[in-house]
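Contents: one structure, followed by commentary.
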Amino acid sequence: MKASTPPKQVAADVLSPKMAKEIWSGNYDKVLPVSVQHFDLSAVLPAIFYMFRFGHRRGKGKFLDIFGPAEGTVPQRRRKTTVEAVAKTLAGDGDGDFQGFDGEAERAILGDLFLCFCLENRRYALGRGKQIQRITPTHYLAAWVDLPDTVVHLRYVPELITAMLANQAKNAHIKESGKAPKQTFFPVVGRSEGNLFADNLLLKAFGQGMSHGSVGDLTADKFEEDTPVGIDQLLTIRIAQRLQEPPKKIPGKDAGRISNQHPIAERAAREFSEDIRKFVREYAEVIPRQAFVEILEACMAVGLTTIFTSVVEIVLEWDRTGNVTPGHDQKPAEIFIDCSMGVDRRLRASAEESMDDLMRRAERLPVVLMILRLLDYRARHTRKIHQRAGKIPTRPYAREWLELLGNILHRRHSQAPRILNRLEDSTEELADEIEENCPEYGRAAERLRNHDVIPNPARRLAEGLTILQGTGVRKKLHQLIDSVLFVNRPNGLAAKRTTRRKVPGSSRTRQRPVRSLVFTDPVLEYLVHRHLLPSGSGSKPRPLSLKAFIERIGQRYGFRIDTPPPGMAISNDLLQKNRGYLEDRLRDLGLLIGVNDAEAMKRLKPRFRSENG
């Protein structure tokens with residue numbers, strides 16, 4: 001029996017190896033410049049510190065060499081790099097960084113301090129003998145610790161956030177900000193002269209006690225020992241000091257450069273930057289460090305969720321019309337929030353139904369991104385388009401380029417017939433190749449020949465290729481969504497559980513994961529403290545009623561509390577019950593005051609007073 005040809009090879013035989021290499025992916029950075037797969041949101045901040053400080057991506061550091069065993073393969077050494085090993089190294093034989101911890105009991109206590117305040121085990125496991133996964137960004141010097149060991153494991157999320165905050169409108173890659181940075185509160189320091197470290201809100205907030213030496217010496221950052229810091233920060237500082245220097249940049253001519261590519265969701269990207277700027281500027285010095293890190297991660301989860309849902313809405317609209325929604329008209333998907341945190345089954349069911357609707361629409365995303373990759377490749381390799389392609393800006397925003405691809409898709413461009421005819425030929429050839437060499441993917445061949453239902457060859461070819469890529473593309477999309485939502489984390493934005501449903505026409509049941517958006521306490525604290533601050537350049541907290549707060553988070557993030565999302569029916573009684581849960585939780589957190597039941601008298605108040613409060 002003839003062996004089946006791998007699907008990617010079938011695509012390469014038809015489309016050419018070069019084209020297959022470019023399109024055989026789940027990503028399209030001109031729409032969403034991250035890898036569509038899992039990442040650890042809680043490990044992102046140290047990588048961002050490094051990029052702002054040094055102006056490039058982080059390479060290999062010395063954490064494994066200093067704290068890991070000397071023998072064994074790299075995976076074996078990583079597994080044995082534990083909290084216990086870190087405590088042993090730093091305690092030494094009574095003359096280490098932490099004196100008085102040379103006994104077994106004392107080292108166990110020191111290890112527990114590391115585990116409690118600044119180190120985290122793989123898969124959130126407990127115990128001092130498990131592999132270390134990440135370091136908590138209690139201090140800027142967490143950037144010196146190469147956890148995770150390869151920055152690409154963070155799927156370009158730190159690069160995306162750095163680019164949005166740095167706000168360098170004219171550069172293809174992020175550059176050092178120079179002596180007098182303008183229009184940004186987050187300058188890139190690099191080798192620039194002047195005290196840009198203190199001008200960067202994030203570095204200033206987390207860099208207590210740091211001094212900086214020669215402009216040309218990137219190892220000149222020193223911690224001034226007379227600076228008072230908390231135990232959580234001190235533990236991080238001592239780990240970094242034992243490493244002696246930060247990691248080198250990624251080797252290679254362009255490997256360490258940070259792309260200045262923003263997501264196509266322009267409005268959500270701008271609001272994400274504004275939210276972080278105002279929250280860090282006003283609360284970094286007044287909220288205890290552990291709580292501040294937790295709330296800042298919740299802030300990033302909210303912002304990235306809004307960016308992702310906005311991208312889904314924009315991409316689906318592009319697929320339908322060929323146009324990119326203008327920035328001021330862009331809106332995130334509207335999703336119902338379960339304010340009871342799953343206690344009320346009816347509210348939980350409504351929130352899960354709302355999230356299921358978003359997941360169904362997001363299922364179309366891999367196909368549309370494949371359409372974009374196909375048209376992008378063909379447009380760049382069409383002479384009359386290629387001649388002017390260099391004049392069309394794609395960074396930081398690629399709206400004009402996507403509009404061109406939309407005109408080709410909808411046959412409004414002069415070169416559309418030529419490009420679509422070539423794709424039409426490819427669909428027929430690919431269908432024949434699948435039937436001959438890859439018969440188990442017969443469904444893809446059927447889709448490629450489905451002219452009546454899918455008349456556009458770009459859509460038909462994208463559907464067939466996505467089927468050839470297998471279920472892994474869909475699985476990675478779900479992983480990205482879970483990572484963005486920080487699902488099932490104490491400061492996350494969503495809960496996920498597994499349900500069992502009966503298979504129609506069978507006695508068997510099938511497991512199915514369901515998600516619902518919830519407001520954990522750190523998310524609530526972030527939303528309240530952020531929206532007590534005015535937009536724009538103002539910083540003095542303003543009065544804010546509960547009603548105005550609910551309306552504002554609905555407009556800005558698409559979070560629905562006491563009104564149903566479009567196309568979804570929820571009874572008024574259940575909506576008012578959901579609002580009641582929100583009021584109760586805000587009161588319990590000390591974030592709501594009200595002397596009676598009048599709506600006008602229900603006002604939010606901060607638990608932490610801002611710098612200018």
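Each chain of the structure tokens is named A, B, ... in the order shown, its residues numbered from 1; ligands are numbered from 1 in display order.
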
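Neighbours of stretch 292-300 of chain A closer than or equal to 8 Å, with only C-alpha atoms counted and sequence neighbours fewer than 5 positions away skipped, come out as Leu41, Ser42, Pro137, Thr138, Phe272, Asp275, Ile276, Tyr283, Ala284, Ile287, Asn491, Gly492, Leu493, Pro522, Val523, Glu525, Tyr526 and Leu527 of chain A.
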
For the residues in that selection, give me all heavy atoms as a tab-separated table (two decimals), in the first residue's frame.
```
chain	number	residue	atom	x	y	z
A	41	LEU	N	1.17	34.43	30.69
A	41	LEU	CA	1.05	35.86	30.90
A	41	LEU	C	1.82	36.32	32.13
A	41	LEU	O	2.35	37.44	32.17
A	41	LEU	CB	-0.43	36.24	31.02
A	41	LEU	CG	-0.76	37.73	31.21
A	41	LEU	CD1	-0.23	38.54	30.04
A	41	LEU	CD2	-2.26	37.93	31.36
A	42	SER	N	1.92	35.47	33.14
A	42	SER	CA	2.60	35.86	34.37
A	42	SER	C	4.12	35.94	34.21
A	42	SER	O	4.81	36.41	35.11
A	42	SER	CB	2.27	34.86	35.49
A	42	SER	OG	2.66	33.54	35.13
A	137	PRO	N	7.91	39.41	38.90
A	137	PRO	CA	8.57	40.70	38.67
A	137	PRO	C	8.37	41.67	39.83
A	137	PRO	O	7.75	42.72	39.68
A	137	PRO	CB	7.91	41.21	37.39
A	137	PRO	CG	6.53	40.62	37.43
A	137	PRO	CD	6.70	39.26	38.06
A	138	THR	N	8.90	41.32	40.99
A	138	THR	CA	8.79	42.23	42.13
A	138	THR	C	9.76	43.39	42.01
A	138	THR	O	9.59	44.41	42.65
A	138	THR	CB	9.05	41.48	43.44
A	138	THR	OG1	10.34	40.84	43.35
A	138	THR	CG2	8.00	40.42	43.68
A	272	PHE	N	-5.22	50.24	25.65
A	272	PHE	CA	-4.37	49.37	26.46
A	272	PHE	C	-3.18	50.16	26.99
A	272	PHE	O	-2.82	50.09	28.17
A	272	PHE	CB	-3.91	48.19	25.61
A	272	PHE	CG	-2.91	47.28	26.29
A	272	PHE	CD1	-3.34	46.28	27.15
A	272	PHE	CD2	-1.56	47.41	26.07
A	272	PHE	CE1	-2.44	45.44	27.78
A	272	PHE	CE2	-0.64	46.59	26.69
A	272	PHE	CZ	-1.09	45.60	27.54
A	275	ASP	N	-4.34	52.68	29.63
A	275	ASP	CA	-4.69	52.05	30.89
A	275	ASP	C	-3.46	51.72	31.72
A	275	ASP	O	-3.40	52.01	32.93
A	275	ASP	CB	-5.49	50.76	30.63
A	275	ASP	CG	-6.92	51.04	30.18
A	275	ASP	OD1	-7.35	52.20	30.30
A	275	ASP	OD2	-7.59	50.10	29.70
A	276	ILE	N	-2.45	51.11	31.09
A	276	ILE	CA	-1.23	50.77	31.82
A	276	ILE	C	-0.53	52.04	32.30
A	276	ILE	O	-0.05	52.13	33.44
A	276	ILE	CB	-0.29	49.91	30.95
A	276	ILE	CG1	-0.88	48.51	30.79
A	276	ILE	CG2	1.10	49.84	31.56
A	276	ILE	CD1	0.01	47.54	30.09
A	283	TYR	N	-0.50	54.43	40.85
A	283	TYR	CA	-0.64	53.48	41.95
A	283	TYR	C	0.61	52.65	42.24
A	283	TYR	O	0.63	51.89	43.20
A	283	TYR	CB	-1.81	52.53	41.67
A	283	TYR	CG	-3.15	53.21	41.67
A	283	TYR	CD1	-3.84	53.42	40.48
A	283	TYR	CD2	-3.72	53.67	42.85
A	283	TYR	CE1	-5.08	54.06	40.47
A	283	TYR	CE2	-4.95	54.31	42.85
A	283	TYR	CZ	-5.63	54.50	41.66
A	283	TYR	OH	-6.84	55.13	41.66
A	284	ALA	N	1.67	52.76	41.40
A	284	ALA	CA	2.84	51.91	41.60
A	284	ALA	C	3.49	52.13	42.96
A	284	ALA	O	4.04	51.19	43.55
A	284	ALA	CB	3.86	52.15	40.49
A	287	ILE	N	0.43	50.97	46.19
A	287	ILE	CA	-0.08	49.62	46.39
A	287	ILE	C	1.09	48.71	46.74
A	287	ILE	O	2.13	48.76	46.08
A	287	ILE	CB	-0.79	49.09	45.11
A	287	ILE	CG1	-1.97	49.99	44.75
A	287	ILE	CG2	-1.27	47.66	45.31
A	287	ILE	CD1	-2.70	49.55	43.48
A	491	ASN	N	-6.09	35.96	39.58
A	491	ASN	CA	-6.27	37.31	39.07
A	491	ASN	C	-6.63	37.30	37.59
A	491	ASN	O	-6.36	38.24	36.87
A	491	ASN	CB	-5.00	38.14	39.29
A	491	ASN	CG	-3.75	37.47	38.73
A	491	ASN	OD1	-3.73	36.26	38.53
A	491	ASN	ND2	-2.72	38.25	38.50
A	492	GLY	N	-7.24	36.20	37.15
A	492	GLY	CA	-7.61	36.07	35.75
A	492	GLY	C	-8.99	36.61	35.45
A	492	GLY	O	-9.70	37.11	36.32
A	493	LEU	N	-9.37	36.46	34.19
A	493	LEU	CA	-10.60	37.07	33.70
A	493	LEU	C	-11.64	36.03	33.33
A	493	LEU	O	-12.75	36.39	32.92
A	493	LEU	CB	-10.27	37.94	32.48
A	493	LEU	CG	-11.30	38.95	31.98
A	493	LEU	CD1	-11.69	39.93	33.09
A	493	LEU	CD2	-10.74	39.72	30.79
A	522	PRO	N	-8.82	40.84	41.95
A	522	PRO	CA	-7.84	41.78	41.37
A	522	PRO	C	-8.36	42.47	40.11
A	522	PRO	O	-8.03	43.65	39.88
A	522	PRO	CB	-6.64	40.88	41.05
A	522	PRO	CG	-6.75	39.74	42.00
A	522	PRO	CD	-8.22	39.50	42.13
A	523	VAL	N	-9.16	41.78	39.31
A	523	VAL	CA	-9.74	42.41	38.12
A	523	VAL	C	-10.69	43.54	38.54
A	523	VAL	O	-10.66	44.64	37.97
A	523	VAL	CB	-10.47	41.38	37.25
A	523	VAL	CG1	-11.28	42.07	36.15
A	523	VAL	CG2	-9.47	40.41	36.61
A	525	GLU	N	-10.62	45.21	41.36
A	525	GLU	CA	-9.83	46.31	41.94
A	525	GLU	C	-9.17	47.14	40.84
A	525	GLU	O	-9.13	48.36	40.91
A	525	GLU	CB	-8.78	45.74	42.88
A	525	GLU	CG	-9.38	45.19	44.17
A	525	GLU	CD	-8.32	44.86	45.20
A	525	GLU	OE1	-7.40	44.09	44.88
A	525	GLU	OE2	-8.41	45.39	46.32
A	526	TYR	N	-8.66	46.46	39.82
A	526	TYR	CA	-8.05	47.20	38.72
A	526	TYR	C	-9.07	48.07	38.01
A	526	TYR	O	-8.84	49.27	37.78
A	526	TYR	CB	-7.40	46.25	37.71
A	526	TYR	CG	-7.21	46.90	36.38
A	526	TYR	CD1	-6.29	47.95	36.22
A	526	TYR	CD2	-7.98	46.55	35.28
A	526	TYR	CE1	-6.15	48.59	35.01
A	526	TYR	CE2	-7.84	47.18	34.06
A	526	TYR	CZ	-6.92	48.20	33.93
A	526	TYR	OH	-6.79	48.86	32.73
A	527	LEU	N	-10.22	47.51	37.63
A	527	LEU	CA	-11.21	48.27	36.87
A	527	LEU	C	-11.70	49.49	37.65
A	527	LEU	O	-11.87	50.57	37.09
A	527	LEU	CB	-12.38	47.36	36.49
A	527	LEU	CG	-12.08	46.27	35.44
A	527	LEU	CD1	-13.28	45.34	35.30
A	527	LEU	CD2	-11.74	46.90	34.10
```

Taking the DSSP secondary structure from the backbone, can you list the residues of stretch 124-325 of chain A that are strand (DSSP E or B), as an MDAnalysis selection string? chainID A and resid 131:135 173 210:211 222:223 249 259

With only C-alpha atoms as the basis for distance, which of A:Ile408, A:Ile570, A:Ile132, A:Met370 is at the shortest distance from A:Glu353? A:Ile570

Neighbour list for A:Leu358 as a PyMOL selection string, cut-off 8 Å, only C-alpha atoms, skip fewer than 3 positions in-chain: chain A and resi 333+335+354-355+361-362

Just to be explicit: take each residue in the selection above, keep N, CA, C and O atoms, and write the result as a PDB file, in the first residue's frame.
```pdb
ATOM      1  N   ALA A 333     -15.756  42.584  21.047  1.00  0.00           N
ATOM      2  CA  ALA A 333     -16.948  41.744  21.164  1.00  0.00           C
ATOM      3  C   ALA A 333     -17.598  41.990  22.518  1.00  0.00           C
ATOM      4  O   ALA A 333     -16.918  42.217  23.520  1.00  0.00           O
ATOM      5  N   ILE A 335     -19.510  40.699  25.692  1.00  0.00           N
ATOM      6  CA  ILE A 335     -19.578  39.413  26.390  1.00  0.00           C
ATOM      7  C   ILE A 335     -20.222  39.611  27.755  1.00  0.00           C
ATOM      8  O   ILE A 335     -19.923  40.574  28.468  1.00  0.00           O
ATOM      9  N   SER A 354     -22.678  33.112  26.299  1.00  0.00           N
ATOM     10  CA  SER A 354     -22.107  34.294  25.655  1.00  0.00           C
ATOM     11  C   SER A 354     -20.688  34.026  25.159  1.00  0.00           C
ATOM     12  O   SER A 354     -20.316  34.410  24.045  1.00  0.00           O
ATOM     13  N   MET A 355     -19.898  33.340  25.985  1.00  0.00           N
ATOM     14  CA  MET A 355     -18.522  33.032  25.593  1.00  0.00           C
ATOM     15  C   MET A 355     -18.501  32.007  24.467  1.00  0.00           C
ATOM     16  O   MET A 355     -17.640  32.067  23.576  1.00  0.00           O
ATOM     17  N   ARG A 361     -17.497  32.288  16.698  1.00  0.00           N
ATOM     18  CA  ARG A 361     -17.068  33.272  15.704  1.00  0.00           C
ATOM     19  C   ARG A 361     -15.553  33.255  15.538  1.00  0.00           C
ATOM     20  O   ARG A 361     -15.039  33.456  14.439  1.00  0.00           O
ATOM     21  N   ALA A 362     -14.837  33.005  16.627  1.00  0.00           N
ATOM     22  CA  ALA A 362     -13.374  32.945  16.542  1.00  0.00           C
ATOM     23  C   ALA A 362     -12.897  31.727  15.765  1.00  0.00           C
ATOM     24  O   ALA A 362     -11.768  31.720  15.261  1.00  0.00           O
TER      25      ALA A 362
END
```

Please report as a tab-separated table every residue of stretch 131-153 of chain A lying within 12 Å of stretch 240-244 of chain A, along with the nearest atom pair and their distance in Å (one decimal), using only C-alpha atoms.
```
residue	atom	partner	partner_atom	distance
A:Ile135	CA	A:Ala240	CA	10.6
A:Pro137	CA	A:Ala240	CA	11.7
A:Thr138	CA	A:Ala240	CA	12.0
A:His139	CA	A:Ala240	CA	10.0
A:Tyr140	CA	A:Ala240	CA	9.7
A:Leu141	CA	A:Ala240	CA	6.0
A:Ala142	CA	A:Ala240	CA	6.7
A:Ala143	CA	A:Ala240	CA	8.3
A:Trp144	CA	A:Ala240	CA	5.8
A:Val145	CA	A:Ala240	CA	6.3
A:Asp146	CA	A:Ala240	CA	9.9
A:Leu147	CA	A:Ala240	CA	11.7
```

Residues near A:Gln555, cut-off 12 Å, only C-alpha atoms, skip fewer than 6 positions along chain, as a PyMOL selection string: chain A and resi 267-268+271+306+329-335+548-549+561+563+565

Quick one: write out the picked residues with all heavy atoms as a short mmCIF file (atom, residue, chain, number, x, y, z; two decimals), in the first residue's frame?
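Output below, filename out29.cif:
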```
data_model
loop_
_atom_site.label_atom_id
_atom_site.label_comp_id
_atom_site.auth_asym_id
_atom_site.auth_seq_id
_atom_site.Cartn_x
_atom_site.Cartn_y
_atom_site.Cartn_z
N ARG A 267 -7.85 51.07 18.14
CA ARG A 267 -8.46 51.69 19.32
C ARG A 267 -8.12 50.90 20.59
O ARG A 267 -7.72 51.49 21.60
CB ARG A 267 -9.98 51.74 19.14
CG ARG A 267 -10.72 52.20 20.39
CD ARG A 267 -12.22 52.09 20.25
NE ARG A 267 -12.87 52.12 21.56
CZ ARG A 267 -14.17 51.95 21.75
NH1 ARG A 267 -14.96 51.73 20.72
NH2 ARG A 267 -14.68 51.98 22.96
N ALA A 268 -8.24 49.57 20.53
CA ALA A 268 -7.95 48.75 21.71
C ALA A 268 -6.47 48.87 22.10
O ALA A 268 -6.14 48.87 23.29
CB ALA A 268 -8.32 47.30 21.45
N GLU A 271 -5.98 52.24 23.89
CA GLU A 271 -6.57 52.22 25.22
C GLU A 271 -5.79 51.32 26.17
O GLU A 271 -5.69 51.60 27.37
CB GLU A 271 -8.03 51.79 25.13
CG GLU A 271 -8.91 52.84 24.43
CD GLU A 271 -10.35 52.39 24.26
OE1 GLU A 271 -10.63 51.18 24.45
OE2 GLU A 271 -11.20 53.24 23.92
N THR A 306 -9.36 42.49 25.30
CA THR A 306 -10.05 43.49 24.47
C THR A 306 -9.42 43.57 23.08
O THR A 306 -10.13 43.68 22.07
CB THR A 306 -10.02 44.86 25.16
OG1 THR A 306 -10.51 44.73 26.49
CG2 THR A 306 -10.89 45.86 24.41
N ASP A 329 -14.25 53.63 15.08
CA ASP A 329 -15.48 52.82 15.06
C ASP A 329 -15.25 51.40 15.53
O ASP A 329 -16.20 50.61 15.60
CB ASP A 329 -16.05 52.80 13.64
CG ASP A 329 -16.61 54.15 13.21
OD1 ASP A 329 -17.05 54.91 14.09
OD2 ASP A 329 -16.58 54.45 11.99
N GLN A 330 -14.02 51.04 15.83
CA GLN A 330 -13.73 49.67 16.25
C GLN A 330 -14.29 49.40 17.63
O GLN A 330 -14.22 50.24 18.52
CB GLN A 330 -12.22 49.42 16.23
CG GLN A 330 -11.61 49.46 14.85
CD GLN A 330 -10.10 49.36 14.87
OE1 GLN A 330 -9.47 49.34 15.93
NE2 GLN A 330 -9.48 49.32 13.69
N LYS A 331 -14.85 48.21 17.80
CA LYS A 331 -15.42 47.83 19.09
C LYS A 331 -15.03 46.39 19.41
O LYS A 331 -14.94 45.55 18.51
CB LYS A 331 -16.94 47.95 19.06
CG LYS A 331 -17.46 49.38 18.90
CD LYS A 331 -18.98 49.39 18.90
CE LYS A 331 -19.52 50.81 18.73
NZ LYS A 331 -21.01 50.84 18.71
N PRO A 332 -14.82 46.08 20.68
CA PRO A 332 -14.57 44.69 21.06
C PRO A 332 -15.87 43.89 21.02
O PRO A 332 -16.97 44.47 20.97
CB PRO A 332 -14.03 44.81 22.48
CG PRO A 332 -14.67 46.06 23.01
CD PRO A 332 -14.79 46.99 21.84
N ALA A 333 -15.76 42.58 21.05
CA ALA A 333 -16.95 41.74 21.16
C ALA A 333 -17.60 41.99 22.52
O ALA A 333 -16.92 42.22 23.52
CB ALA A 333 -16.56 40.28 21.02
N GLU A 334 -18.92 41.95 22.54
CA GLU A 334 -19.65 42.18 23.79
C GLU A 334 -19.94 40.83 24.44
O GLU A 334 -20.54 39.94 23.82
CB GLU A 334 -20.93 42.96 23.51
CG GLU A 334 -20.64 44.34 22.94
CD GLU A 334 -21.88 45.17 22.74
OE1 GLU A 334 -22.95 44.77 23.26
OE2 GLU A 334 -21.80 46.22 22.09
N ILE A 335 -19.51 40.70 25.69
CA ILE A 335 -19.58 39.41 26.39
C ILE A 335 -20.22 39.61 27.75
O ILE A 335 -19.92 40.57 28.47
CB ILE A 335 -18.16 38.82 26.57
CG1 ILE A 335 -17.41 38.83 25.24
CG2 ILE A 335 -18.25 37.40 27.11
CD1 ILE A 335 -15.96 38.43 25.37
N ALA A 548 -22.45 54.68 36.06
CA ALA A 548 -21.49 55.16 35.06
C ALA A 548 -20.34 54.17 34.89
O ALA A 548 -19.84 53.98 33.77
CB ALA A 548 -20.95 56.52 35.47
N PHE A 549 -19.93 53.51 35.98
CA PHE A 549 -18.86 52.52 35.91
C PHE A 549 -19.27 51.35 35.03
O PHE A 549 -18.51 50.90 34.15
CB PHE A 549 -18.53 52.04 37.32
CG PHE A 549 -17.61 50.86 37.38
CD1 PHE A 549 -16.27 50.99 37.05
CD2 PHE A 549 -18.09 49.61 37.77
CE1 PHE A 549 -15.41 49.90 37.11
CE2 PHE A 549 -17.24 48.51 37.83
CZ PHE A 549 -15.90 48.66 37.50
N ILE A 561 -22.95 43.71 32.07
CA ILE A 561 -23.32 43.33 33.44
C ILE A 561 -24.84 43.23 33.59
O ILE A 561 -25.37 42.19 33.97
CB ILE A 561 -22.77 44.34 34.47
CG1 ILE A 561 -21.26 44.50 34.32
CG2 ILE A 561 -23.14 43.91 35.89
CD1 ILE A 561 -20.45 43.29 34.64
N THR A 563 -27.08 44.37 31.11
CA THR A 563 -27.74 44.36 29.79
C THR A 563 -27.19 43.18 29.01
O THR A 563 -26.01 42.85 29.12
CB THR A 563 -27.45 45.66 29.01
OG1 THR A 563 -26.04 45.86 28.90
CG2 THR A 563 -28.09 46.86 29.70
N PRO A 565 -25.80 40.90 25.81
CA PRO A 565 -25.11 41.14 24.54
C PRO A 565 -26.10 41.03 23.38
O PRO A 565 -27.17 40.41 23.50
CB PRO A 565 -24.08 40.01 24.47
CG PRO A 565 -23.94 39.53 25.88
CD PRO A 565 -25.26 39.74 26.52
#
```

Using only C-alpha atoms, the best pick from A:Arg459, A:Arg378, A:Arg579, A:Ile264 as closest to A:Thr309 would be A:Ile264

Find the spatial neighbours of stretch 81-89 of chain A, counting only C-alpha atoms, within a cut-off of 7 Å - ignore same-chain residues fewer than 3 positions away - and output them as a list in words. Phe67, Gly68, Arg77, Arg78, Gly92, Arg107, Leu110, Gly111, Phe114, Leu115, Arg128, Gly129, Lys130, Gln131 and Ile132 of chain A

Just the helix (DSSP H, G or I) stuff from stretch 68-139 of chain A, please, per backbone DSSP, written as a PyMOL selection string. chain A and resi 74-79+83-91+104-117+122-124

Once you have the residues from the selection above, write them out as a compact mmCIF listing (two decimals), in the first residue's frame, restricted to N, CA and C atoms.
```txt
# COMPACT_ATOMS: atom_id res chain seq x y z
N VAL A 74 20.66 19.22 29.14
CA VAL A 74 20.00 20.48 29.50
C VAL A 74 18.62 20.23 30.10
N PRO A 75 17.76 19.38 29.50
CA PRO A 75 16.45 19.12 30.14
C PRO A 75 16.58 18.54 31.55
N GLN A 76 17.56 17.64 31.75
CA GLN A 76 17.76 17.06 33.09
C GLN A 76 18.19 18.13 34.08
N ARG A 77 19.08 19.02 33.66
CA ARG A 77 19.54 20.09 34.55
C ARG A 77 18.40 21.04 34.88
N ARG A 78 17.54 21.33 33.90
CA ARG A 78 16.40 22.21 34.17
C ARG A 78 15.47 21.60 35.20
N ARG A 79 15.22 20.30 35.08
CA ARG A 79 14.30 19.65 36.03
C ARG A 79 14.84 19.68 37.45
N VAL A 83 13.67 25.36 43.75
CA VAL A 83 13.74 26.35 44.82
C VAL A 83 14.75 25.92 45.88
N GLU A 84 14.78 24.64 46.14
CA GLU A 84 15.74 24.11 47.11
C GLU A 84 17.18 24.38 46.67
N ALA A 85 17.44 24.21 45.36
CA ALA A 85 18.78 24.47 44.84
C ALA A 85 19.14 25.95 44.91
N VAL A 86 18.17 26.81 44.63
CA VAL A 86 18.41 28.25 44.71
C VAL A 86 18.72 28.65 46.14
N ALA A 87 17.94 28.16 47.08
CA ALA A 87 18.17 28.49 48.50
C ALA A 87 19.54 28.00 48.96
N LYS A 88 19.92 26.81 48.53
CA LYS A 88 21.22 26.25 48.92
C LYS A 88 22.36 27.10 48.38
N THR A 89 22.23 27.52 47.11
CA THR A 89 23.30 28.32 46.50
C THR A 89 23.43 29.67 47.17
N LEU A 90 22.32 30.33 47.45
CA LEU A 90 22.37 31.67 48.02
C LEU A 90 22.71 31.67 49.51
N ALA A 91 22.39 30.58 50.21
CA ALA A 91 22.75 30.50 51.63
C ALA A 91 24.22 30.17 51.80
N GLU A 104 19.60 22.92 57.85
CA GLU A 104 18.56 22.33 57.00
C GLU A 104 17.22 23.02 57.20
N ALA A 105 16.84 23.27 58.44
CA ALA A 105 15.56 23.93 58.71
C ALA A 105 15.57 25.37 58.18
N GLU A 106 16.71 26.05 58.39
CA GLU A 106 16.80 27.43 57.93
C GLU A 106 16.72 27.54 56.42
N ARG A 107 17.36 26.59 55.70
CA ARG A 107 17.29 26.60 54.25
C ARG A 107 15.87 26.30 53.76
N ALA A 108 15.17 25.45 54.48
CA ALA A 108 13.77 25.17 54.12
C ALA A 108 12.93 26.44 54.27
N ILE A 109 13.19 27.21 55.32
CA ILE A 109 12.48 28.47 55.51
C ILE A 109 12.82 29.45 54.39
N LEU A 110 14.10 29.53 54.04
CA LEU A 110 14.51 30.43 52.95
C LEU A 110 13.87 30.00 51.63
N GLY A 111 13.82 28.70 51.39
CA GLY A 111 13.16 28.21 50.18
C GLY A 111 11.70 28.56 50.14
N ASP A 112 11.04 28.46 51.29
CA ASP A 112 9.62 28.83 51.34
C ASP A 112 9.42 30.32 51.07
N LEU A 113 10.37 31.14 51.52
CA LEU A 113 10.29 32.58 51.23
C LEU A 113 10.39 32.82 49.72
N PHE A 114 11.34 32.15 49.06
CA PHE A 114 11.45 32.28 47.61
C PHE A 114 10.17 31.84 46.92
N LEU A 115 9.61 30.71 47.35
CA LEU A 115 8.41 30.18 46.71
C LEU A 115 7.21 31.07 46.96
N CYS A 116 7.19 31.71 48.11
CA CYS A 116 6.05 32.57 48.46
C CYS A 116 6.11 33.91 47.73
N PHE A 117 7.32 34.47 47.58
CA PHE A 117 7.42 35.86 47.13
C PHE A 117 7.90 36.05 45.70
N ARG A 122 6.98 24.92 37.97
CA ARG A 122 6.33 24.53 36.73
C ARG A 122 4.94 23.98 37.03
N ARG A 123 3.98 24.41 36.22
CA ARG A 123 2.57 24.01 36.36
C ARG A 123 2.02 24.38 37.73
N TYR A 124 2.57 25.41 38.34
CA TYR A 124 2.09 25.95 39.62
C TYR A 124 2.16 24.92 40.74
```

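Across the model, the gap from atom CA of A:Thr520 to atom CA of A:Glu159 is 26.9 Å.
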
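The residue set within 9 Å of A:Ala431, counting only C-alpha atoms and dropping same-chain residues fewer than 4 places from it, reads Ser426, Thr427, Glu435, Glu436, Gly442, Ala444, Ala445, Glu446, Arg447, Leu448, Arg449 and Gly464 of chain A.
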
Spatial neighbours of A:Pro417, 12 Å, only C-alpha atoms, chain gap at least 4 places, as a PyMOL selection string: chain A and resi 378-379+382+407-413+421-424+456-458

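Distances from A:Gly103, A:Pro7, A:Gly322, A:Pro46 to A:Leu203 were compared using only C-alpha atoms, and the smallest one belongs to A:Pro46.
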
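The two atoms in question, atom CA of A:Val14 and atom CA of A:Glu428, are spaced 9.8 Å apart.
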
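When only C-alpha atoms are used to compute distances to A:Arg257, the closest of the residues A:Arg585, A:His173, A:Lys278, A:His328 turns out to be A:His173.
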
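We find atom CA of A:Lys30 and atom CA of A:Leu304 to be spaced 16.3 Å apart.
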